[in-house]
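Peer 1: Okay, handing you the structure first.
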Amino acid sequence: MEFFPSTGRSQWPIITESIDAADFCIFAIAGRYDTISDTGTSWTHREFREAVATKMPIIGMLHNNPGALPQQDSESNEEGRAGLASIPIS
(Lines give C-alpha, C1' and ligand atoms only; values in the text may rest on other atoms or scores of the structure.)
Protein backbone atom coordinates (compact mmCIF):
# COMPACT_ATOMS: atom_id res chain seq x y z
CA MET A 1 0.00 0.00 0.00
CA GLU A 2 3.01 2.26 0.34
CA PHE A 3 3.10 2.49 -3.46
CA PHE A 4 -0.35 4.07 -3.76
CA PRO A 5 -0.18 7.70 -4.82
CA SER A 6 -2.42 10.19 -3.06
CA THR A 7 -4.29 11.07 -6.25
CA GLY A 8 -7.81 10.25 -5.12
CA ARG A 9 -7.80 7.35 -7.59
CA SER A 10 -9.18 4.06 -6.34
CA GLN A 11 -6.57 1.58 -5.16
CA TRP A 12 -8.01 -1.44 -6.98
CA PRO A 13 -7.18 -0.31 -10.56
CA ILE A 14 -3.61 0.38 -9.46
CA ILE A 15 -3.40 -3.10 -7.93
CA THR A 16 -4.80 -4.85 -11.02
CA GLU A 17 -2.41 -2.90 -13.26
CA SER A 18 0.47 -4.06 -11.06
CA ILE A 19 -0.69 -7.67 -11.24
CA ASP A 20 -1.10 -7.46 -15.03
CA ALA A 21 2.42 -6.02 -15.39
CA ALA A 22 4.02 -8.72 -13.24
CA ASP A 23 5.61 -11.97 -14.41
CA PHE A 24 4.34 -13.80 -11.31
CA CYS A 25 2.88 -13.09 -7.85
CA ILE A 26 4.21 -14.18 -4.48
CA PHE A 27 1.90 -14.50 -1.48
CA ALA A 28 3.13 -15.04 2.08
CA ILE A 29 0.42 -16.41 4.38
CA ALA A 30 0.85 -16.89 8.13
CA GLY A 31 -1.27 -15.69 11.03
CA ARG A 32 -2.86 -12.48 9.74
CA TYR A 33 -5.60 -11.97 7.15
CA ASP A 34 -4.81 -8.31 6.26
CA THR A 35 -7.00 -5.23 6.13
CA ILE A 36 -10.54 -5.94 4.92
CA SER A 37 -11.34 -4.27 1.57
CA ASP A 38 -14.70 -2.88 0.49
CA THR A 39 -15.62 -6.32 -0.89
CA GLY A 40 -15.49 -7.99 2.53
CA THR A 41 -12.28 -9.91 1.82
CA SER A 42 -8.76 -8.78 2.67
CA TRP A 43 -6.73 -6.89 0.12
CA THR A 44 -4.28 -9.80 -0.05
CA HIS A 45 -7.08 -12.34 -0.60
CA ARG A 46 -8.57 -10.09 -3.28
CA GLU A 47 -5.16 -9.81 -4.98
CA PHE A 48 -4.80 -13.59 -4.84
CA ARG A 49 -8.20 -14.07 -6.50
CA GLU A 50 -7.28 -11.56 -9.21
CA ALA A 51 -4.00 -13.35 -9.90
CA VAL A 52 -5.83 -16.69 -10.14
CA ALA A 53 -8.51 -15.20 -12.42
CA THR A 54 -5.87 -13.83 -14.80
CA LYS A 55 -3.96 -17.14 -14.73
CA MET A 56 -0.90 -15.41 -13.30
CA PRO A 57 1.79 -17.83 -12.06
CA ILE A 58 1.62 -17.82 -8.25
CA ILE A 59 4.17 -18.72 -5.60
CA GLY A 60 2.65 -19.29 -2.18
CA MET A 61 4.68 -19.30 1.01
CA LEU A 62 2.58 -20.75 3.81
CA HIS A 63 3.45 -20.99 7.49
CA ASN A 64 3.48 -24.69 8.34
CA ASN A 65 1.81 -24.17 11.74
CA PRO A 66 0.08 -20.78 12.04
CA GLY A 67 -1.66 -21.94 15.22
CA ALA A 68 1.73 -21.99 16.95
CA LEU A 69 2.42 -18.30 16.24
CA PRO A 70 2.51 -15.97 19.25
CA GLN A 71 -0.72 -14.07 19.84
CA GLN A 72 0.83 -10.74 18.79
CA ASP A 73 1.60 -12.31 15.38
CA SER A 74 -1.89 -13.79 14.92
CA GLU A 75 -5.23 -12.43 13.83
CA SER A 76 -6.90 -10.70 16.76
CA ASN A 77 -10.56 -10.69 15.68
CA GLU A 78 -13.07 -13.30 14.55
CA GLU A 79 -13.65 -11.69 11.13
CA GLY A 80 -9.94 -11.90 10.35
CA ARG A 81 -9.61 -15.48 11.63
CA ALA A 82 -12.61 -16.55 9.51
CA GLY A 83 -11.13 -14.84 6.45
CA LEU A 84 -7.77 -16.49 6.99
CA ALA A 85 -9.45 -19.89 7.33
CA SER A 86 -11.35 -19.31 4.07
CA ILE A 87 -8.23 -19.06 1.89
CA PRO A 88 -7.98 -22.21 -0.26
CA ILE A 89 -4.68 -23.91 0.46
CA SER A 90 -4.99 -26.85 -1.92
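In the C-alpha coordinates, each chain is lettered A, B, ... as it comes, each chain's residues begin at 1, and ligands are numbered from 1 in order of appearance.
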Assign secondary structure with DSSP using the backbone only, and return the residues of chain A in alpha helix (DSSP H) as a PDB file with N, CA and C atoms, in the first residue's frame.
Peer 2:
```
ATOM      1  N   GLN A  11      -7.732   2.445  -5.262  1.00  0.00           N
ATOM      2  CA  GLN A  11      -6.567   1.575  -5.157  1.00  0.00           C
ATOM      3  C   GLN A  11      -6.663   0.357  -6.059  1.00  0.00           C
ATOM      4  N   TRP A  12      -7.872  -0.176  -6.260  1.00  0.00           N
ATOM      5  CA  TRP A  12      -8.009  -1.442  -6.982  1.00  0.00           C
ATOM      6  C   TRP A  12      -7.483  -1.382  -8.416  1.00  0.00           C
ATOM      7  N   PRO A  13      -7.773  -0.350  -9.210  1.00  0.00           N
ATOM      8  CA  PRO A  13      -7.184  -0.311 -10.559  1.00  0.00           C
ATOM      9  C   PRO A  13      -5.658  -0.289 -10.549  1.00  0.00           C
ATOM     10  N   ILE A  14      -5.067   0.361  -9.567  1.00  0.00           N
ATOM     11  CA  ILE A  14      -3.611   0.379  -9.461  1.00  0.00           C
ATOM     12  C   ILE A  14      -3.091  -1.025  -9.159  1.00  0.00           C
ATOM     13  N   ILE A  15      -3.786  -1.738  -8.278  1.00  0.00           N
ATOM     14  CA  ILE A  15      -3.398  -3.102  -7.927  1.00  0.00           C
ATOM     15  C   ILE A  15      -3.509  -4.018  -9.140  1.00  0.00           C
ATOM     16  N   THR A  16      -4.628  -3.957  -9.859  1.00  0.00           N
ATOM     17  CA  THR A  16      -4.795  -4.846 -11.020  1.00  0.00           C
ATOM     18  C   THR A  16      -3.782  -4.526 -12.116  1.00  0.00           C
ATOM     19  N   GLU A  17      -3.452  -3.260 -12.297  1.00  0.00           N
ATOM     20  CA  GLU A  17      -2.412  -2.899 -13.264  1.00  0.00           C
ATOM     21  C   GLU A  17      -1.068  -3.492 -12.864  1.00  0.00           C
ATOM     22  N   SER A  18      -0.785  -3.481 -11.561  1.00  0.00           N
ATOM     23  CA  SER A  18       0.470  -4.055 -11.062  1.00  0.00           C
ATOM     24  C   SER A  18       0.504  -5.558 -11.276  1.00  0.00           C
ATOM     25  N   ILE A  19      -0.620  -6.222 -11.023  1.00  0.00           N
ATOM     26  CA  ILE A  19      -0.689  -7.672 -11.242  1.00  0.00           C
ATOM     27  C   ILE A  19      -0.518  -7.980 -12.724  1.00  0.00           C
ATOM     28  N   ASP A  20      -1.193  -7.230 -13.583  1.00  0.00           N
ATOM     29  CA  ASP A  20      -1.098  -7.456 -15.026  1.00  0.00           C
ATOM     30  C   ASP A  20       0.322  -7.242 -15.551  1.00  0.00           C
ATOM     31  N   ALA A  21       1.063  -6.325 -14.933  1.00  0.00           N
ATOM     32  CA  ALA A  21       2.417  -6.015 -15.392  1.00  0.00           C
ATOM     33  C   ALA A  21       3.454  -6.997 -14.860  1.00  0.00           C
ATOM     34  N   TRP A  43      -7.370  -7.328   1.360  1.00  0.00           N
ATOM     35  CA  TRP A  43      -6.730  -6.887   0.117  1.00  0.00           C
ATOM     36  C   TRP A  43      -5.848  -8.004  -0.449  1.00  0.00           C
ATOM     37  N   THR A  44      -5.140  -8.715   0.417  1.00  0.00           N
ATOM     38  CA  THR A  44      -4.280  -9.798  -0.048  1.00  0.00           C
ATOM     39  C   THR A  44      -5.095 -10.922  -0.681  1.00  0.00           C
ATOM     40  N   HIS A  45      -6.212 -11.289  -0.050  1.00  0.00           N
ATOM     41  CA  HIS A  45      -7.080 -12.337  -0.598  1.00  0.00           C
ATOM     42  C   HIS A  45      -7.663 -11.894  -1.937  1.00  0.00           C
ATOM     43  N   ARG A  46      -8.045 -10.645  -2.021  1.00  0.00           N
ATOM     44  CA  ARG A  46      -8.573 -10.091  -3.276  1.00  0.00           C
ATOM     45  C   ARG A  46      -7.502 -10.119  -4.375  1.00  0.00           C
ATOM     46  N   GLU A  47      -6.270  -9.752  -4.017  1.00  0.00           N
ATOM     47  CA  GLU A  47      -5.164  -9.810  -4.981  1.00  0.00           C
ATOM     48  C   GLU A  47      -4.916 -11.238  -5.444  1.00  0.00           C
ATOM     49  N   PHE A  48      -4.973 -12.186  -4.503  1.00  0.00           N
ATOM     50  CA  PHE A  48      -4.804 -13.594  -4.841  1.00  0.00           C
ATOM     51  C   PHE A  48      -5.866 -14.036  -5.843  1.00  0.00           C
ATOM     52  N   ARG A  49      -7.113 -13.707  -5.580  1.00  0.00           N
ATOM     53  CA  ARG A  49      -8.204 -14.073  -6.499  1.00  0.00           C
ATOM     54  C   ARG A  49      -8.005 -13.456  -7.875  1.00  0.00           C
ATOM     55  N   GLU A  50      -7.539 -12.225  -7.927  1.00  0.00           N
ATOM     56  CA  GLU A  50      -7.283 -11.559  -9.205  1.00  0.00           C
ATOM     57  C   GLU A  50      -6.168 -12.275  -9.961  1.00  0.00           C
ATOM     58  N   ALA A  51      -5.101 -12.638  -9.261  1.00  0.00           N
ATOM     59  CA  ALA A  51      -3.996 -13.346  -9.899  1.00  0.00           C
ATOM     60  C   ALA A  51      -4.459 -14.694 -10.440  1.00  0.00           C
ATOM     61  N   VAL A  52      -5.280 -15.406  -9.683  1.00  0.00           N
ATOM     62  CA  VAL A  52      -5.826 -16.688 -10.144  1.00  0.00           C
ATOM     63  C   VAL A  52      -6.708 -16.474 -11.368  1.00  0.00           C
ATOM     64  N   ALA A  53      -7.574 -15.468 -11.320  1.00  0.00           N
ATOM     65  CA  ALA A  53      -8.509 -15.200 -12.424  1.00  0.00           C
ATOM     66  C   ALA A  53      -7.778 -14.855 -13.718  1.00  0.00           C
ATOM     67  N   GLU A  78     -12.402 -12.150  15.167  1.00  0.00           N
ATOM     68  CA  GLU A  78     -13.073 -13.305  14.549  1.00  0.00           C
ATOM     69  C   GLU A  78     -13.208 -13.139  13.033  1.00  0.00           C
ATOM     70  N   GLU A  79     -13.510 -11.925  12.568  1.00  0.00           N
ATOM     71  CA  GLU A  79     -13.648 -11.695  11.125  1.00  0.00           C
ATOM     72  C   GLU A  79     -12.348 -12.033  10.398  1.00  0.00           C
ATOM     73  N   GLY A  80     -11.227 -11.598  10.956  1.00  0.00           N
ATOM     74  CA  GLY A  80      -9.938 -11.899  10.349  1.00  0.00           C
ATOM     75  C   GLY A  80      -9.599 -13.370  10.398  1.00  0.00           C
ATOM     76  N   ARG A  81      -9.887 -14.032  11.523  1.00  0.00           N
ATOM     77  CA  ARG A  81      -9.614 -15.476  11.631  1.00  0.00           C
ATOM     78  C   ARG A  81     -10.462 -16.265  10.635  1.00  0.00           C
ATOM     79  N   ALA A  82     -11.732 -15.865  10.473  1.00  0.00           N
ATOM     80  CA  ALA A  82     -12.607 -16.549   9.511  1.00  0.00           C
ATOM     81  C   ALA A  82     -12.101 -16.332   8.089  1.00  0.00           C
ATOM     82  N   GLY A  83     -11.679 -15.130   7.781  1.00  0.00           N
ATOM     83  CA  GLY A  83     -11.134 -14.840   6.448  1.00  0.00           C
ATOM     84  C   GLY A  83      -9.893 -15.642   6.168  1.00  0.00           C
ATOM     85  N   LEU A  84      -9.006 -15.723   7.143  1.00  0.00           N
ATOM     86  CA  LEU A  84      -7.769 -16.490   6.988  1.00  0.00           C
ATOM     87  C   LEU A  84      -8.078 -17.954   6.757  1.00  0.00           C
ATOM     88  N   ALA A  85      -9.053 -18.480   7.483  1.00  0.00           N
ATOM     89  CA  ALA A  85      -9.446 -19.889   7.331  1.00  0.00           C
ATOM     90  C   ALA A  85     -10.104 -20.164   5.984  1.00  0.00           C
ATOM     91  N   SER A  86     -10.639 -19.121   5.335  1.00  0.00           N
ATOM     92  CA  SER A  86     -11.352 -19.314   4.066  1.00  0.00           C
ATOM     93  C   SER A  86     -10.440 -19.377   2.851  1.00  0.00           C
TER      94      SER A  86
END
```
Peer 1: Would you mind listing what lies within 12 Å of Met61 of chain A as a ChimeraX atom specification, with only C-alpha atoms counted and same-chain residues fewer than 3 positions away left out?
Peer 2: /A:25-30,58,64,89
Peer 1: Kindly indicate which residue among A:Ser10, A:Thr41, A:Thr35, A:Thr54 lies nearest to Asp23 of chain A, using only C-alpha atoms for the distances.
Peer 2: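 Nearest candidate to Asp23 of chain A out of A:Ser10, A:Thr41, A:Thr35, A:Thr54: A:Thr54.
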